[in-house]
Amino acid sequence: MKRLKSGRAEVLDRLRSAKRLLLLLDFDGTLSLIVADPKAARMEPTIERVLRRLARTKGRKVAVISGRALRDLRSRVRVPGAILIGNHGLESTDRHVTGHPEVLRARHLRPLLDILHRKLHVTVGHWPGVRLEHKGWTLSVHYRGLSRERRLLLERTLSYYRHKASGQPLIWRRGKQVLEVRPDVRWDKGRAAERLYKSVRADRALVCGDDRTDEDMFRQLRNKAVTVRVGRGVRSHAQYRIEGPRELAGLLEELC
C-alpha cells in the first residue's frame with residue numbers, strides 16, 4: 001500500500017479516463033471525521049459540495065456505503081442522485097443491490113438479533129459509555145466512551161453471549177470501538193459493491209474506506225478500481241493510503 005501522494009497524477013488520469021466512473025465511499029472516518037458520539041457525525045462540508053458537483057457530472061455515479069442503517073444514512077448524506085447502501089449492503093436505495101437471495105435469507109434471521117438485543121439491553125445497555133444500536137438487519141455495541149476497567153468486563157460479557165449463540169447463524173465482527181453482529185449470510189460490503197458496479201455499468205471505480213469491513217470492497221473490486229484506505233498504521237488490501245477525510249476532499253476536487 002502506497003501513499004497516494006506518490007502516485008496522485010497517475011491515479012487521477014486513470015479515474016478521469018473512465019467513461020462510467022463509480023465513486024463508492026464509506027461514511028464514518030471517510031466522508032466524516034470519527035467522533036465520540038456516532039450521532040454527531042457529519043459529512044465534511046467540502047466533501048459534500050464536491051460530491052454534489054460530481055453527482056451532476058455525466059459519466060459519474062456517487063454512492064455512499066456504510067454500516068449505518070439506511071434511514072440514518074439518508075439523514076446525513078444530502079447529495080441528490082447519490083445511491084445509498086446501509087447495513088453493510090443489506091439495505092439500499094438501489095433495488096438491484098438488495099435483490100440478491102442472500103439478502104432475502106438475512107431477513108428471516110432478524111428475530112435472532114431482536115432476542116440478542118433484549119438480553120444485551122438488560123445487562124450492559126445502561127452502562128455509561130456503552131450504546132446499543134439495533135439497526136433492524138444488524139446490531140452494534142458501541143463502547144468508545146467506556147473506561148478501561150469496564151471495557152474488560154464488557155469483553156467478558158460479550159464473549160459469554162457469543163459462546164451462548166455459537167450455534168446460531170450470526171457473525172460477530174469488530175470495528176473501531178464497536179462490535180457488530182449480523183446475519184451469517186454470504187453478503188457484505190464487497191459483494192454489495194460488486195453488484196452495484198455491474199448495476200451502474202461502471203468501467204472503473206474509486207473505492208474509499210477506513211475500517212475492517214471496507215477491506216471486503218478492496219478485495220472484491222481490486223481489479224476494477226482504485227482502492228484507497230483512509231487513515232494510518234494498518235495493513236490493508238487497498239492500493240493507496242491517505243491521511244483522512246480532508247485529504248480525500250482534495251482528491252475529489254481535483255477529480256472535478
# chains A, B, ... in the order shown; residues from 1 in each chain; ligands from 1
>>> select_by_dssp(residues="region 41-87 of chain A", states="strand (DSSP E)", output="list of chain:residue names")
A:Arg60, A:Lys61, A:Val62, A:Ala63, A:Val64, A:Ile65, A:Ile83, A:Leu84, A:Ile85, A:Gly86
>>> select_by_dssp(residues="region 14-203 of chain A", states="helix (DSSP H, G or I)", output="ChimeraX atom specification")
/A:14-16,38-40,45-55,70-76,87-89,95-98,101-107,110-123,148-164,189-199
>>> closest_residue(among="A:Ser147, A:Thr30, A:Ser166, A:Ser6", to="Gly231 (chain A)", atoms="only C-alpha atoms")
A:Thr30
>>> residues_around(residues="Leu90 (chain A)", least_positions_apart="5", cutoff="12 Å", atoms="only C-alpha atoms", output="MDAnalysis selection string")
chainID A and resid 65:70 84:85 95:107 110 135:138 182:193
>>> atom_distance(atom1="CA of Val200 (chain A)", atom2="CA of Arg78 (chain A)")
20.3 Å
>>> residues_around(residues="Leu73 (chain A)", least_positions_apart="6", cutoff="12 Å", atoms="only C-alpha atoms", output="ChimeraX atom specification")
/A:26-28,31-32,38-39,41-43,63-67,79,82-88,91-93,135
>>> write_last_selection(atoms="N, CA and C atoms", output="PDB file, in the first residue's frame")
ATOM      1  N   ASP A  26     -17.174   4.999   1.826  1.00  0.00           N
ATOM      2  CA  ASP A  26     -17.653   4.738   3.176  1.00  0.00           C
ATOM      3  C   ASP A  26     -18.007   6.079   3.840  1.00  0.00           C
ATOM      4  N   PHE A  27     -18.785   6.029   4.925  1.00  0.00           N
ATOM      5  CA  PHE A  27     -19.182   7.290   5.567  1.00  0.00           C
ATOM      6  C   PHE A  27     -18.284   7.641   6.751  1.00  0.00           C
ATOM      7  N   ASP A  28     -18.414   6.936   7.867  1.00  0.00           N
ATOM      8  CA  ASP A  28     -17.676   7.282   9.086  1.00  0.00           C
ATOM      9  C   ASP A  28     -16.175   7.094   8.902  1.00  0.00           C
ATOM     10  N   LEU A  31     -15.950  10.014   4.820  1.00  0.00           N
ATOM     11  CA  LEU A  31     -16.621  11.268   4.457  1.00  0.00           C
ATOM     12  C   LEU A  31     -16.806  12.167   5.665  1.00  0.00           C
ATOM     13  N   SER A  32     -16.741  11.574   6.848  1.00  0.00           N
ATOM     14  CA  SER A  32     -16.855  12.345   8.087  1.00  0.00           C
ATOM     15  C   SER A  32     -15.706  11.986   9.012  1.00  0.00           C
ATOM     16  N   PRO A  38     -21.457   8.724  17.734  1.00  0.00           N
ATOM     17  CA  PRO A  38     -21.791   8.496  16.322  1.00  0.00           C
ATOM     18  C   PRO A  38     -22.948   9.348  15.821  1.00  0.00           C
ATOM     19  N   LYS A  39     -23.840   9.755  16.740  1.00  0.00           N
ATOM     20  CA  LYS A  39     -24.974  10.585  16.332  1.00  0.00           C
ATOM     21  C   LYS A  39     -24.528  11.973  15.882  1.00  0.00           C
ATOM     22  N   ALA A  41     -21.864  12.606  14.016  1.00  0.00           N
ATOM     23  CA  ALA A  41     -21.064  12.553  12.787  1.00  0.00           C
ATOM     24  C   ALA A  41     -21.741  13.320  11.659  1.00  0.00           C
ATOM     25  N   ARG A  42     -20.959  14.137  10.966  1.00  0.00           N
ATOM     26  CA  ARG A  42     -21.469  14.916   9.841  1.00  0.00           C
ATOM     27  C   ARG A  42     -20.466  14.851   8.694  1.00  0.00           C
ATOM     28  N   MET A  43     -20.974  14.828   7.480  1.00  0.00           N
ATOM     29  CA  MET A  43     -20.086  14.841   6.326  1.00  0.00           C
ATOM     30  C   MET A  43     -19.309  16.145   6.277  1.00  0.00           C
ATOM     31  N   ALA A  63     -21.904   6.936  -4.811  1.00  0.00           N
ATOM     32  CA  ALA A  63     -22.570   6.001  -3.894  1.00  0.00           C
ATOM     33  C   ALA A  63     -21.889   6.060  -2.539  1.00  0.00           C
ATOM     34  N   VAL A  64     -22.681   6.037  -1.477  1.00  0.00           N
ATOM     35  CA  VAL A  64     -22.164   6.026  -0.105  1.00  0.00           C
ATOM     36  C   VAL A  64     -22.597   4.720   0.551  1.00  0.00           C
ATOM     37  N   ILE A  65     -21.631   3.998   1.103  1.00  0.00           N
ATOM     38  CA  ILE A  65     -21.896   2.692   1.715  1.00  0.00           C
ATOM     39  C   ILE A  65     -21.459   2.733   3.178  1.00  0.00           C
ATOM     40  N   SER A  66     -22.251   2.109   4.051  1.00  0.00           N
ATOM     41  CA  SER A  66     -21.981   2.248   5.480  1.00  0.00           C
ATOM     42  C   SER A  66     -22.564   1.093   6.274  1.00  0.00           C
ATOM     43  N   GLY A  67     -22.071   0.942   7.493  1.00  0.00           N
ATOM     44  CA  GLY A  67     -22.688   0.012   8.427  1.00  0.00           C
ATOM     45  C   GLY A  67     -23.909   0.622   9.087  1.00  0.00           C
ATOM     46  N   VAL A  79     -26.850  14.534  -0.884  1.00  0.00           N
ATOM     47  CA  VAL A  79     -26.288  14.611  -2.231  1.00  0.00           C
ATOM     48  C   VAL A  79     -27.338  14.065  -3.196  1.00  0.00           C
ATOM     49  N   ALA A  82     -27.361  10.521  -5.329  1.00  0.00           N
ATOM     50  CA  ALA A  82     -26.416   9.539  -4.795  1.00  0.00           C
ATOM     51  C   ALA A  82     -27.142   8.251  -4.410  1.00  0.00           C
ATOM     52  N   ILE A  83     -26.517   7.116  -4.664  1.00  0.00           N
ATOM     53  CA  ILE A  83     -27.028   5.827  -4.217  1.00  0.00           C
ATOM     54  C   ILE A  83     -26.549   5.605  -2.784  1.00  0.00           C
ATOM     55  N   LEU A  84     -27.457   5.178  -1.918  1.00  0.00           N
ATOM     56  CA  LEU A  84     -27.111   4.923  -0.527  1.00  0.00           C
ATOM     57  C   LEU A  84     -27.228   3.435  -0.222  1.00  0.00           C
ATOM     58  N   ILE A  85     -26.224   2.905   0.480  1.00  0.00           N
ATOM     59  CA  ILE A  85     -26.214   1.489   0.856  1.00  0.00           C
ATOM     60  C   ILE A  85     -25.933   1.405   2.350  1.00  0.00           C
ATOM     61  N   GLY A  86     -26.868   0.847   3.111  1.00  0.00           N
ATOM     62  CA  GLY A  86     -26.720   0.762   4.555  1.00  0.00           C
ATOM     63  C   GLY A  86     -26.579  -0.665   5.046  1.00  0.00           C
ATOM     64  N   ASN A  87     -26.302  -0.795   6.345  1.00  0.00           N
ATOM     65  CA  ASN A  87     -26.202  -2.100   6.988  1.00  0.00           C
ATOM     66  C   ASN A  87     -25.288  -3.065   6.232  1.00  0.00           C
ATOM     67  N   HIS A  88     -24.124  -2.541   5.810  1.00  0.00           N
ATOM     68  CA  HIS A  88     -23.114  -3.363   5.123  1.00  0.00           C
ATOM     69  C   HIS A  88     -23.653  -4.051   3.862  1.00  0.00           C
ATOM     70  N   GLU A  91     -29.242  -3.091   2.991  1.00  0.00           N
ATOM     71  CA  GLU A  91     -30.261  -2.108   2.613  1.00  0.00           C
ATOM     72  C   GLU A  91     -29.677  -1.198   1.538  1.00  0.00           C
ATOM     73  N   SER A  92     -30.510  -0.743   0.623  1.00  0.00           N
ATOM     74  CA  SER A  92     -30.010   0.177  -0.397  1.00  0.00           C
ATOM     75  C   SER A  92     -31.149   0.885  -1.101  1.00  0.00           C
ATOM     76  N   THR A  93     -30.851   2.071  -1.631  1.00  0.00           N
ATOM     77  CA  THR A  93     -31.812   2.761  -2.485  1.00  0.00           C
ATOM     78  C   THR A  93     -31.789   2.178  -3.891  1.00  0.00           C
ATOM     79  N   LYS A 135     -30.180  -1.928  14.372  1.00  0.00           N
ATOM     80  CA  LYS A 135     -30.456  -1.332  13.060  1.00  0.00           C
ATOM     81  C   LYS A 135     -31.344  -2.218  12.199  1.00  0.00           C
TER      82      LYS A 135
END
>>> closest_residue(among="A:Val230, A:Met217, A:Val178, A:Leu51", to="Glu253 (chain A)", atoms="only C-alpha atoms")
A:Leu51
>>> residues_around(residues="Val226 (chain A)", least_positions_apart="4", cutoff="10 Å", atoms="only C-alpha atoms", output="PyMOL selection string")
chain A and resi 11-12+14-15+23+204-208+218+221-222+238-240
>>> atom_distance(atom1="CA of Trp172 (chain A)", atom2="CA of Ser75 (chain A)")
26.8 Å
>>> residues_around(residues="Arg232 (chain A)", least_positions_apart="5", cutoff="9 Å", atoms="only C-alpha atoms", output="list in words")
Arg241, Ile242, Glu243 and Gly244 of chain A
>>> residues_around(residues="Asp203 (chain A)", least_positions_apart="6", cutoff="7 Å", atoms="only C-alpha atoms", output="VMD selection string")
chain A and resid 18 to 21
